[in-house]
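In what follows, a structure is listed as structure tokens, so that the remarks can point back to it.
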Amino acid sequence: MEHRGRRPVVPASAYVAPSAVLCGAVILGEGSRVLHGAVLTAENGEVRLGENSVVMENALVRGRADHPAVIGDAVLVGPHAHVNGATVEDEVFIATGAALFPGSVAGAGAELRINSVLHVNSRLAAGTVLPIGWIAAGDPAQLFSPDRHEELWQVQRELDFPGTVYGVPRGTPMRELMARQSEYYGAHVTDRAVDPG
């Protein structure tokens with residue numbers, strides 16, 4: 001899809017499944033693969049997928065103005081994973097359902113296991129394993145099991161999720177926030193399909 005005058009760049013050695021969506025300033029690396037149902041969308045910032053990296057079924061990769069989605073070489077983005085404005089260095093394994101939020105960085109060779117979360121503005125050190133369902137928050141990231149919410153909140157509240165993700169201060173009413181989001185995503189009404197050939 002062409003979005004805001006930008007078209008995806010897909011080298012001949014890459015593969016994009018017929019049911020996958022590439023929207024806007026998406027740049028695929030040599031030998032990369034985007035499987036069925038995956039969505040790579042450059043809302044207002046680039047999405048870059050490295051050489052021999054694979055985005056599996058129904059995963060979402062979103063680029064943002066302040067936080068492009070940059071995925072290195074030899075990376076696996078598992079089914080139903082969510083990479084939103086994050087930087088993923090080379091040789092990272094992102095398992096099914098894992099989520100990486102804007103401004104986060106997964107260091108080279110890290111593993112984010114099933115349903116794990118790398119929070120906004122957090123940095124997971126190279127080679128770190130984030131266990132199933134755990135949350136990494138902070139720079140450098142501390143690892144929290146889901147039952148440690150109060151300890152997590154002490155770190156998380158300083159990371160400015162609403163400011164980073166939505167550009168608003170904490171406590172902004174949902175009606176205001178969603179009116180802004182509706183306008184933001186309304187930019188897609190002018191998208192148009194492009195001929196892949």
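To be explicit about the labels: the chains of the structure tokens are called A, B, and onward in the order shown, and within each one the residues are counted from 1, while ligands get numbers from 1 in the order they are shown.
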With only C-alpha atoms as the counted atoms, please give the residues lying no more than 10 Å from stretch 186-189 of chain A, apart from itself and same-chain residues fewer than 5 positions off, as a PyMOL selection string. chain A and resi 1-4+23-24+43-44+180-181
Which residues are near stretch 54-70 of chain A? Cut-off 9 Å, only C-alpha atoms, ignore same chain within fewer than 2 positions. Put them as JSON, numbers by chain. {"A": [20, 25, 26, 31, 32, 33, 34, 35, 36, 37, 38, 39, 40, 41, 42, 43, 44, 45, 46, 47, 48, 49, 50, 51, 52, 72, 74, 75, 76, 77, 78, 79, 80, 81, 82, 83, 84, 85, 86, 87, 88, 89, 96, 97, 102, 103, 104, 164]}
To one decimal place, how far is atom CA of A:Pro8 from atom CA of A:Tyr184 in Å?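 Distance between the two atoms: 20.3 Å.
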Check the DSSP output for the backbone and give back, as a ChimeraX atom specification, the residues of chain A in strand (DSSP E or B). /A:2-3,6,9,15-16,21-23,26-28,33-34,39-42,47-49,54-55,60-63,69-71,76-77,82-84,87-88,93-94,99-100,105-106,111-112,117-118,123-124,129-130,135-137,142-144,192
Could the residues in this selection be written to a file with C-alpha atoms, as a compact mmCIF listing (two decimals), in the first residue's frame?
```
# COMPACT_ATOMS: atom_id res chain seq x y z
CA GLU A 2 1.12 3.52 -0.72
CA HIS A 3 0.78 5.74 2.35
CA ARG A 6 5.70 6.34 0.21
CA VAL A 9 10.68 -1.43 -1.10
CA TYR A 15 9.06 -12.93 -0.11
CA VAL A 16 5.80 -11.31 0.97
CA VAL A 21 0.22 -6.04 4.23
CA LEU A 22 3.10 -3.64 3.69
CA CYS A 23 2.00 -0.03 4.07
CA VAL A 26 8.59 -0.24 4.61
CA ILE A 27 12.02 -1.44 3.46
CA LEU A 28 12.74 -5.16 3.35
CA ARG A 33 10.21 -13.11 4.57
CA VAL A 34 6.83 -11.69 5.57
CA VAL A 39 1.22 -6.28 8.84
CA LEU A 40 4.21 -3.95 8.45
CA THR A 41 2.91 -0.40 8.58
CA ALA A 42 4.88 2.82 8.47
CA VAL A 47 9.85 0.10 9.08
CA ARG A 48 13.13 -1.63 8.17
CA LEU A 49 13.52 -5.39 8.13
CA VAL A 54 11.32 -13.41 9.12
CA VAL A 55 8.04 -11.85 10.27
CA LEU A 60 2.44 -6.47 13.58
CA VAL A 61 5.42 -4.20 12.99
CA ARG A 62 4.66 -0.45 13.22
CA GLY A 63 6.99 2.48 12.54
CA ALA A 69 10.72 0.11 13.71
CA VAL A 70 14.21 -1.16 12.90
CA ILE A 71 14.72 -4.91 12.81
CA LEU A 76 12.61 -13.98 13.97
CA VAL A 77 9.42 -12.07 14.78
CA HIS A 82 3.90 -6.79 18.23
CA VAL A 83 6.92 -4.63 17.40
CA ASN A 84 5.82 -1.00 17.75
CA THR A 87 14.80 -1.31 17.61
CA VAL A 88 15.66 -4.99 17.37
CA PHE A 93 14.35 -14.23 18.77
CA ILE A 94 10.89 -12.75 19.41
CA ALA A 99 5.35 -7.12 22.55
CA LEU A 100 8.01 -4.42 22.12
CA VAL A 105 15.74 -1.74 22.22
CA ALA A 106 16.29 -5.51 22.18
CA GLU A 111 15.36 -13.82 23.39
CA LEU A 112 11.90 -12.52 24.17
CA VAL A 117 6.86 -7.47 27.11
CA LEU A 118 9.70 -4.99 26.52
CA ARG A 123 16.76 -1.52 26.80
CA LEU A 124 17.15 -5.29 27.03
CA VAL A 129 16.51 -14.05 27.95
CA LEU A 130 13.16 -12.50 28.89
CA ILE A 135 8.12 -7.78 31.60
CA ALA A 136 11.38 -5.89 31.03
CA ALA A 137 11.38 -2.21 32.02
CA GLN A 142 15.10 -4.97 34.97
CA LEU A 143 13.11 -8.21 34.57
CA PHE A 144 9.83 -8.65 36.41
CA ARG A 192 -3.98 3.08 -2.17
```
Quick one: distance from atom CA of A:Thr128 to atom CA of A:Leu159 in Å, one decimal?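 One can read the atom CA of A:Thr128 to atom CA of A:Leu159 distance as 20.3 Å.
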Can you list, as a PDB file with C-alpha atoms, in the first residue's frame, all residues belonging to stretch 113-153 of chain A that DSSP tags as helix (DSSP H, G or I)?
```
ATOM      1  CA  HIS A 149       3.333  -5.448  39.580  1.00  0.00           C
ATOM      2  CA  GLU A 150       4.004  -2.982  42.383  1.00  0.00           C
ATOM      3  CA  GLU A 151       7.783  -3.246  41.901  1.00  0.00           C
ATOM      4  CA  LEU A 152       7.340  -3.001  38.139  1.00  0.00           C
ATOM      5  CA  TRP A 153       5.203   0.125  38.511  1.00  0.00           C
TER       6      TRP A 153
END
```
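As for atom CA of A:Val120 and atom CA of A:Gly167, they are spaced 12.8 Å apart.
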Shell around A:Arg170 at 9 Å using only C-alpha atoms, local window under 3 positions removed, as an NGL selection string: :A and (160-163 or 173)
Find the residue from A:Arg7, A:Leu177, A:Arg157, A:Ser13 that sits nearest to A:Ala193; use only C-alpha atoms when measuring. A:Arg7
